[in-house]
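Quick look at upload_23.csv (CSV, C-alpha atoms and all ligand atoms):
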chain,number,residue,atom,x,y,z
A,1,MET,CA,-8.2,-20.9,21.4
A,2,LYS,CA,-5.0,-22.2,19.7
A,3,PRO,CA,-4.1,-24.7,22.4
A,4,PHE,CA,-7.7,-25.9,22.6
A,5,LEU,CA,-7.9,-26.6,18.8
A,6,TYR,CA,-4.4,-28.2,18.9
A,7,GLY,CA,-5.6,-30.5,21.8
A,8,ILE,CA,-8.6,-31.7,19.7
A,9,ARG,CA,-6.5,-32.3,16.7
A,10,TYR,CA,-3.9,-34.1,18.8
A,11,ILE,CA,-6.6,-36.4,20.3
A,12,VAL,CA,-8.0,-37.2,16.9
A,13,ASN,CA,-4.6,-37.9,15.4
A,14,ARG,CA,-3.6,-40.1,18.3
A,15,ARG,CA,-6.8,-42.1,18.6
A,16,ILE,CA,-7.6,-42.5,14.9
A,17,PHE,CA,-4.2,-42.3,13.1
A,18,ARG,CA,-2.2,-43.7,16.1
A,19,GLN,CA,0.3,-40.8,15.8
A,20,ASP,CA,2.8,-40.7,18.7
A,21,THR,CA,4.0,-37.1,18.4
A,22,PRO,CA,5.1,-35.6,21.7
A,23,LEU,CA,2.3,-33.9,23.6
A,24,ILE,CA,4.3,-32.4,26.4
A,25,CYS,CA,8.0,-31.6,26.1
A,26,GLY,CA,10.2,-30.8,29.0
A,27,LEU,CA,13.7,-29.3,29.5
A,28,VAL,CA,15.8,-29.7,32.6
A,29,LEU,CA,17.7,-26.5,32.5
A,30,HIS,CA,20.0,-27.4,35.4
A,31,ASN,CA,19.8,-29.2,38.7
A,32,LYS,CA,20.8,-26.3,40.9
A,33,CYS,CA,18.4,-25.2,43.5
A,34,ASN,CA,18.3,-22.7,46.4
A,35,LEU,CA,16.2,-25.1,48.6
A,36,HIS,CA,17.1,-28.5,49.9
A,37,CYS,CA,13.9,-30.4,50.1
A,38,ARG,CA,13.7,-33.7,52.0
A,39,HIS,CA,12.2,-35.6,49.1
A,40,CYS,CA,14.4,-34.3,46.3
A,41,GLN,CA,17.9,-35.2,45.3
A,42,VAL,CA,18.1,-33.7,41.8
A,43,ASN,CA,20.9,-31.3,42.9
A,44,SER,CA,23.1,-34.3,43.4
A,45,ARG,CA,22.7,-35.4,39.8
A,46,ASP,CA,26.0,-35.0,38.1
A,47,THR,CA,25.0,-33.3,34.8
A,48,ASP,CA,26.1,-30.1,33.2
A,49,ALA,CA,23.7,-27.1,33.1
A,50,MET,CA,22.2,-26.5,29.7
A,51,SER,CA,23.6,-23.7,27.5
A,52,PHE,CA,21.2,-21.3,25.8
A,53,GLU,CA,22.3,-22.7,22.4
A,54,GLU,CA,21.5,-26.3,23.6
A,55,ALA,CA,18.2,-25.2,25.0
A,56,THR,CA,17.1,-23.5,21.7
A,57,ARG,CA,18.3,-26.5,19.6
A,58,VAL,CA,16.2,-28.9,21.7
A,59,ILE,CA,13.2,-26.6,21.7
A,60,ASP,CA,13.4,-26.4,17.9
A,61,ALA,CA,13.8,-30.2,17.6
A,62,PHE,CA,10.8,-30.9,19.8
A,63,HIS,CA,8.8,-28.4,17.8
A,64,LYS,CA,9.7,-30.1,14.5
A,65,GLU,CA,8.4,-33.4,16.0
A,66,GLY,CA,5.1,-31.7,16.6
A,67,GLY,CA,5.4,-30.6,20.3
A,68,ARG,CA,3.5,-27.4,21.2
A,69,THR,CA,3.6,-27.5,25.0
A,70,LEU,CA,6.9,-27.0,26.7
A,71,TYR,CA,7.7,-27.1,30.3
A,72,LEU,CA,10.9,-25.7,31.9
A,73,GLU,CA,12.2,-27.3,35.1
A,74,GLY,CA,15.3,-27.7,37.2
A,75,GLY,CA,16.5,-27.5,39.9
A,76,GLU,CA,15.0,-24.1,40.1
A,77,PRO,CA,14.5,-22.6,36.6
A,78,PHE,CA,14.5,-19.0,37.8
A,79,LEU,CA,18.1,-19.5,38.8
A,80,TRP,CA,19.2,-20.6,35.4
A,81,LYS,CA,21.6,-18.3,33.5
A,82,ASP,CA,24.0,-18.8,30.6
A,83,ASN,CA,26.3,-16.1,29.2
A,84,GLY,CA,24.0,-13.2,29.6
A,85,HIS,CA,20.9,-15.3,28.8
A,86,GLY,CA,18.2,-15.9,31.4
A,87,LEU,CA,15.0,-17.9,31.7
A,88,GLU,CA,12.9,-15.3,29.9
A,89,ASP,CA,15.1,-15.6,26.8
A,90,ILE,CA,14.1,-19.3,26.6
A,91,VAL,CA,10.5,-18.5,27.1
A,92,SER,CA,10.6,-15.8,24.3
A,93,HIS,CA,12.4,-18.2,22.0
A,94,SER,CA,9.7,-20.9,22.6
A,95,HIS,CA,6.9,-18.5,21.8
A,96,GLU,CA,8.6,-17.2,18.7
A,97,LYS,CA,9.1,-20.8,17.6
A,98,GLY,CA,5.4,-21.4,17.9
A,99,TYR,CA,4.8,-23.2,21.2
A,100,HIS,CA,1.2,-22.5,22.4
A,101,THR,CA,1.9,-23.1,26.0
A,102,VAL,CA,5.1,-22.6,28.0
A,103,VAL,CA,5.1,-23.7,31.6
A,104,ILE,CA,7.5,-23.1,34.4
A,105,TYR,CA,7.8,-25.3,37.5
A,106,THR,CA,9.3,-23.3,40.3
A,107,ASN,CA,9.7,-23.4,44.1
A,108,GLY,CA,8.1,-20.0,44.2
A,109,THR,CA,10.9,-18.2,46.1
A,110,PHE,CA,11.7,-15.8,43.2
A,111,PRO,CA,9.4,-13.1,41.9
A,112,LEU,CA,6.7,-14.7,39.8
A,113,GLU,CA,7.0,-12.4,36.8
A,114,THR,CA,7.4,-14.1,33.5
A,115,LEU,CA,6.0,-14.3,30.0
A,116,ALA,CA,5.5,-18.0,30.4
A,117,ASP,CA,1.9,-19.0,30.0
A,118,MET,CA,1.6,-20.9,33.2
A,119,VAL,CA,3.5,-21.1,36.4
A,120,PHE,CA,3.3,-24.1,38.8
A,121,ILE,CA,4.5,-23.5,42.3
A,122,SER,CA,5.4,-26.3,44.6
A,123,VAL,CA,4.0,-25.8,48.1
A,124,ASP,CA,3.8,-29.0,50.3
A,125,GLY,CA,1.5,-28.0,53.1
A,126,LEU,CA,0.8,-24.9,55.2
A,127,ARG,CA,3.7,-23.1,56.9
A,128,GLU,CA,4.9,-25.7,59.4
A,129,LYS,CA,4.7,-28.7,57.1
A,130,ASN,CA,6.0,-27.0,54.0
A,131,ASP,CA,8.9,-25.5,55.9
A,132,PHE,CA,9.8,-28.8,57.5
A,133,LEU,CA,9.8,-30.5,54.1
A,134,ARG,CA,11.2,-27.7,51.8
A,135,GLY,CA,13.1,-25.4,54.2
A,136,ARG,CA,11.9,-22.0,55.4
A,137,SER,CA,10.1,-20.7,52.3
A,138,PHE,CA,6.3,-20.6,52.9
A,139,GLU,CA,6.1,-16.9,53.8
A,140,LYS,CA,8.2,-15.9,50.9
A,141,ILE,CA,6.2,-18.0,48.4
A,142,ILE,CA,2.9,-16.5,49.6
A,143,ARG,CA,4.4,-13.0,49.4
A,144,ASN,CA,5.5,-13.7,45.8
A,145,ILE,CA,2.1,-15.1,44.8
A,146,ARG,CA,0.3,-12.2,46.3
A,147,ALA,CA,2.6,-9.7,44.6
A,148,SER,CA,2.5,-11.4,41.2
A,149,GLY,CA,0.5,-9.9,38.3
A,150,HIS,CA,0.6,-13.3,36.4
A,151,SER,CA,-2.8,-14.6,35.5
A,152,SER,CA,-2.1,-18.3,35.5
A,153,LEU,CA,-0.6,-19.4,38.8
A,154,TYR,CA,-1.2,-22.9,40.1
A,155,ILE,CA,0.0,-24.9,43.1
A,156,ASN,CA,1.5,-28.3,43.1
A,157,TYR,CA,1.1,-30.2,46.4
A,158,THR,CA,2.9,-33.5,46.8
A,159,ILE,CA,1.1,-35.6,49.5
A,160,ASN,CA,3.4,-37.6,51.7
A,161,ASN,CA,3.3,-39.2,55.1
A,162,TYR,CA,4.2,-36.0,56.8
A,163,ASN,CA,1.7,-33.5,55.2
A,164,LYS,CA,-1.2,-35.9,54.5
A,165,GLY,CA,-3.3,-34.4,57.3
A,166,ASP,CA,-3.2,-30.8,55.9
A,167,ILE,CA,-5.1,-31.3,52.7
A,168,GLN,CA,-8.5,-29.8,53.5
A,169,GLU,CA,-7.0,-26.9,55.4
A,170,PHE,CA,-4.6,-26.3,52.5
A,171,CYS,CA,-7.5,-26.2,50.0
A,172,ARG,CA,-9.4,-23.7,52.2
A,173,TYR,CA,-6.3,-21.5,52.5
A,174,PHE,CA,-5.6,-21.3,48.8
A,175,ASP,CA,-9.3,-20.7,48.0
A,176,GLY,CA,-8.7,-17.4,49.8
A,177,ILE,CA,-5.9,-16.4,47.5
A,178,PRO,CA,-7.4,-15.1,44.2
A,179,GLN,CA,-4.1,-15.2,42.3
A,180,VAL,CA,-4.1,-19.0,42.6
A,181,ARG,CA,-6.3,-20.6,40.0
A,182,GLY,CA,-6.0,-24.1,41.4
A,183,VAL,CA,-4.2,-26.8,43.3
A,184,PHE,CA,-3.0,-30.0,41.8
A,185,PHE,CA,-2.3,-33.0,44.1
A,186,TYR,CA,0.5,-35.5,43.6
A,187,PHE,CA,1.7,-38.3,45.8
A,188,HIS,CA,5.3,-38.8,46.9
A,189,THR,CA,7.0,-41.1,44.5
A,190,PRO,CA,9.8,-43.3,46.0
A,191,TYR,CA,12.4,-42.3,43.5
A,192,TYR,CA,15.2,-42.9,46.0
A,193,GLY,CA,13.6,-45.9,47.8
A,194,TYR,CA,10.8,-46.4,50.3
A,195,ASP,CA,11.6,-43.6,52.8
A,196,GLU,CA,9.6,-42.2,55.7
A,197,LEU,CA,7.6,-39.9,53.3
A,198,TYR,CA,6.2,-42.8,51.3
A,199,ILE,CA,2.5,-43.7,51.8
A,200,GLY,CA,1.4,-47.3,51.1
A,201,THR,CA,-1.4,-48.2,48.8
A,202,GLU,CA,-4.2,-48.6,51.3
A,203,GLU,CA,-3.6,-45.3,52.9
A,204,ARG,CA,-3.1,-43.6,49.6
A,205,ASN,CA,-6.4,-44.9,48.4
A,206,LYS,CA,-8.1,-43.5,51.5
A,207,ILE,CA,-6.6,-40.1,50.7
A,208,ILE,CA,-7.7,-40.3,47.1
A,209,ARG,CA,-11.3,-41.0,48.3
A,210,GLU,CA,-11.0,-37.9,50.6
A,211,LEU,CA,-9.9,-35.8,47.6
A,212,LEU,CA,-12.8,-37.1,45.6
A,213,THR,CA,-15.1,-35.6,48.2
A,214,TYR,CA,-13.3,-32.2,47.9
A,215,THR,CA,-13.5,-31.8,44.1
A,216,GLY,CA,-16.1,-29.3,43.2
A,217,ARG,CA,-15.9,-27.7,46.7
A,218,TYR,CA,-12.4,-26.3,46.4
A,219,LYS,CA,-10.1,-25.2,43.5
A,220,ILE,CA,-8.8,-28.7,42.9
A,221,LEU,CA,-7.3,-29.4,39.5
A,222,ASN,CA,-7.3,-33.2,39.6
A,223,SER,CA,-10.4,-34.4,37.9
A,224,ARG,CA,-12.7,-37.1,39.2
A,225,ALA,CA,-11.7,-39.4,36.3
A,226,GLY,CA,-8.0,-38.8,37.1
A,227,LEU,CA,-8.5,-39.5,40.8
A,228,ARG,CA,-10.5,-42.7,40.0
A,229,SER,CA,-7.7,-43.8,37.7
A,230,ALA,CA,-5.2,-43.1,40.5
A,231,LEU,CA,-7.4,-45.2,42.8
A,232,LYS,CA,-7.2,-48.1,40.3
A,233,ASN,CA,-3.6,-47.3,39.5
A,234,ASN,CA,-4.4,-48.0,35.9
A,235,TRP,CA,-3.1,-45.2,33.8
A,236,ASP,CA,-0.6,-46.0,31.0
A,237,ARG,CA,3.1,-45.7,32.0
A,238,PRO,CA,5.7,-44.8,31.1
A,239,LEU,CA,3.6,-42.3,29.1
A,240,ASP,CA,5.6,-42.1,25.9
A,241,ILE,CA,3.9,-38.8,24.6
A,242,CYS,CA,5.6,-36.9,27.4
A,243,ARG,CA,9.3,-36.3,26.8
A,244,VAL,CA,11.9,-34.7,28.9
A,245,TYR,CA,15.4,-33.7,27.8
A,246,GLU,CA,18.4,-33.6,30.2
A,247,ALA,CA,22.1,-33.3,29.3
A,248,GLY,CA,21.9,-34.9,25.8
A,249,LYS,CA,19.3,-37.5,26.6
A,250,ILE,CA,15.6,-37.7,26.0
A,251,TYR,CA,13.6,-39.6,28.5
A,252,LYS,CA,10.0,-40.8,27.9
A,253,CYS,CA,7.6,-39.8,30.8
A,254,CYS,CA,10.3,-38.9,33.3
A,255,ARG,CA,14.0,-39.2,34.2
A,256,TYR,CA,13.4,-42.3,36.3
A,257,ASN,CA,11.7,-44.4,33.7
A,258,GLU,CA,13.7,-47.6,33.9
A,259,ASP,CA,12.2,-49.3,36.9
A,260,PRO,CA,8.7,-50.8,36.4
A,261,GLU,CA,8.2,-51.2,40.2
A,262,LEU,CA,8.9,-47.5,40.7
A,263,CYS,CA,6.4,-46.7,37.9
A,264,ARG,CA,3.8,-48.8,39.6
A,265,GLN,CA,4.2,-46.7,42.7
A,266,CYS,CA,4.2,-43.4,40.7
A,267,GLY,CA,2.4,-40.5,42.3
A,268,TYR,CA,2.8,-38.2,39.3
A,269,LEU,CA,-0.9,-37.8,38.9
A,270,SER,CA,-0.8,-35.2,36.1
A,271,TYR,CA,0.0,-38.2,33.8
A,272,ALA,CA,-3.1,-39.9,35.0
A,273,GLU,CA,-5.0,-36.8,34.0
A,274,ILE,CA,-3.5,-36.7,30.5
A,275,HIS,CA,-4.3,-40.4,30.0
A,276,GLN,CA,-7.9,-39.8,31.0
A,277,THR,CA,-8.2,-36.7,28.8
A,278,LEU,CA,-6.9,-38.7,25.8
A,279,ARG,CA,-9.6,-41.3,26.7
A,280,LEU,CA,-12.1,-38.4,26.4
A,281,ARG,CA,-13.3,-38.7,30.0
A,282,PRO,CA,-15.6,-35.6,30.5
A,283,SER,CA,-14.3,-34.6,33.9
A,284,ALA,CA,-10.7,-34.8,32.7
A,285,ILE,CA,-11.5,-32.7,29.7
A,286,ARG,CA,-13.4,-30.1,31.8
A,287,ASN,CA,-10.4,-29.8,34.1
A,288,ALA,CA,-7.9,-29.6,31.3
A,289,LEU,CA,-10.0,-26.6,30.0
A,290,LYS,CA,-9.5,-24.8,33.4
A,291,TYR,CA,-5.9,-24.1,32.4
A,292,PHE,CA,-7.0,-21.9,29.5
B,301,LIG,S1,8.1,-42.9,37.7
B,301,LIG,FE1,7.5,-44.0,35.8
B,301,LIG,S2,5.3,-43.5,35.5
B,301,LIG,FE2,6.1,-42.0,37.0
B,301,LIG,S3,6.6,-40.2,35.8
B,301,LIG,FE3,8.5,-41.5,36.0
B,301,LIG,S4,8.5,-42.9,34.2
B,301,LIG,FE4,6.4,-42.0,34.4

Can you give me the file's structure in the form of structure tokens?
Ligand code: SF4
Amino acid sequence: MKPFLYGIRYIVNRRIFRQDTPLICGLVLHNKCNLHCRHCQVNSRDTDAMSFEEATRVIDAFHKEGGRTLYLEGGEPFLWKDNGHGLEDIVSHSHEKGYHTVVIYTNGTFPLETLADMVFISVDGLREKNDFLRGRSFEKIIRNIRASGHSSLYINYTINNYNKGDIQEFCRYFDGIPQVRGVFFYFHTPYYGYDELYIGTEERNKIIRELLTYTGRYKILNSRAGLRSALKNNWDRPLDICRVYEAGKIYKCCRYNEDPELCRQCGYLSYAEIHQTLRLRPSAIRNALKYF
């Protein structure tokens, strides 16, 4: 109930009083990861891992600015440690501070037991495609999902040139796993240039239209309004109400926000959702409520 009421207050304050308090705050705990995915180069970013003291200081500062939703990412957040502190200490501190929703983004290869409110697990296709893109991990991820007692597990699927044909089969597969509450689709963003995974506009739009026919049939978390906005490529960006902290710096929207051409090609569709929710599009609001 608290996050719901907060969301309504937030929308009113933003639309009527033009407040720009952060809606979503993120922390990059470190860039270490046990996988070496083809599309990801964060483990080559030359930044220090966050200390527990730094993490709590930033969490407190975001809270003071009005932030109540926090996400923790890496690298792989379950690998993060500092001087006897682990990920759960950060989750507990955030709850004690007053965050309504704490989210973890993980590659799913560690046991999915946490006090965080939501866990998003990256899976980029069924076994063959996922393991080609992310390294051999599919079996382990599915085992961890099935063994988890967590009640809010979601899948993030990033569509690229290699896995674009798996979408419907993937939706069917995860419909059969009751622990998974939904699948959110993104598109590969060419953060490091136009590589072989990048899908051009025409084909991307074809896939979005395909996704529009699947909403309602499968546990898809993208709303129709969000997908239509992706089709028009017209959501606001960089989205300044989403902040992410890494190594002493706060970025608006994401860590790669200085290239307008990259932003124009952005496949980070959850920001299209947020934009549509703030514009009070009914399907985006309905889908946002599915998280609670
Ligand atoms: S690439 Fe641009 S639009 Fe996409 S998440 Fe990053 S800053 Fe936002």

Selection as a ChimeraX atom specification: residues within 12 Å of ligand LIG 301 (chain B) by all atoms listed in the file:
/A:186-193,230,233-244,251-272,274-275

* Need the neighbours of (-0.6, -21.4, 19.5): which residues are at most 8 Å away, counting only C-alpha atoms, as a list in words? ->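 Within the cut-off we find Met1, Lys2, Pro3, Tyr6, Arg68, Gly98, Tyr99, His100 and Thr101 of chain A.
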
Save out the residues we just selected, C-alpha atoms, as an mmCIF file, keeping the file's coordinate frame.
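Final output, part.cif:
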data_model
loop_
_atom_site.group_PDB
_atom_site.id
_atom_site.type_symbol
_atom_site.label_atom_id
_atom_site.label_comp_id
_atom_site.auth_asym_id
_atom_site.auth_seq_id
_atom_site.Cartn_x
_atom_site.Cartn_y
_atom_site.Cartn_z
ATOM 1 C CA MET A 1 -8.200 -20.900 21.400
ATOM 2 C CA LYS A 2 -5.000 -22.200 19.700
ATOM 3 C CA PRO A 3 -4.100 -24.700 22.400
ATOM 4 C CA TYR A 6 -4.400 -28.200 18.900
ATOM 5 C CA ARG A 68 3.500 -27.400 21.200
ATOM 6 C CA GLY A 98 5.400 -21.400 17.900
ATOM 7 C CA TYR A 99 4.800 -23.200 21.200
ATOM 8 C CA HIS A 100 1.200 -22.500 22.400
ATOM 9 C CA THR A 101 1.900 -23.100 26.000
#

- Query: When you draw a straight line from CA of Asn34 in chain A to CA of Ala147 in chain A, how long is it in Å?
  - Reply: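 Going from CA of Asn34 in chain A over to CA of Ala147 in chain A covers 20.5 Å.
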
Distance query Phe110 in chain A at most 7 Å, all atoms listed in the file, self and fewer than 2 positions along chain excluded, as a PDB file with C-alpha atoms, in the coordinates of the input:
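That gives us selection33.pdb:
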ATOM      1  CA  PHE A  78      14.500 -19.000  37.800  1.00  0.00           C
ATOM      2  CA  GLY A 108       8.100 -20.000  44.200  1.00  0.00           C
ATOM      3  CA  LEU A 112       6.700 -14.700  39.800  1.00  0.00           C
TER       4      LEU A 112
END

query = Counting only C-alpha atoms, which of A:Val58, A:Leu29, A:Leu23, A:Val123 gets nearest to Lys81 in chain A?
reply =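 Nearest candidate to Lys81 in chain A out of A:Val58, A:Leu29, A:Leu23, A:Val123: A:Leu29.
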
### Task
Dump as a list in words all residues having an atom at most 10 Å from (-4.3, -28.9, 60.7), computed in the file's coordinates with only C-alpha atoms.
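Neighbouring residues, ordered by chain and number, come to Gly125, Leu126, Glu128, Lys129, Asn163, Lys164, Gly165, Asp166, Ile167, Gln168, Glu169 and Phe170 of chain A.
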
Based on the selection just made, write C-alpha atoms of those residues as a compact mmCIF listing (two decimals), in the coordinates of the input.
# COMPACT_ATOMS: atom_id res chain seq x y z
CA GLY A 125 1.50 -28.00 53.10
CA LEU A 126 0.80 -24.90 55.20
CA GLU A 128 4.90 -25.70 59.40
CA LYS A 129 4.70 -28.70 57.10
CA ASN A 163 1.70 -33.50 55.20
CA LYS A 164 -1.20 -35.90 54.50
CA GLY A 165 -3.30 -34.40 57.30
CA ASP A 166 -3.20 -30.80 55.90
CA ILE A 167 -5.10 -31.30 52.70
CA GLN A 168 -8.50 -29.80 53.50
CA GLU A 169 -7.00 -26.90 55.40
CA PHE A 170 -4.60 -26.30 52.50

For this session: Point out the residue among A:Gly26, A:Pro282, A:Pro111, A:Gly7 with the least atom-to-atom distance to Tyr71 in chain A, counting only C-alpha atoms.
Result: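 Smallest separation from Tyr71 in chain A among the options: A:Gly26.
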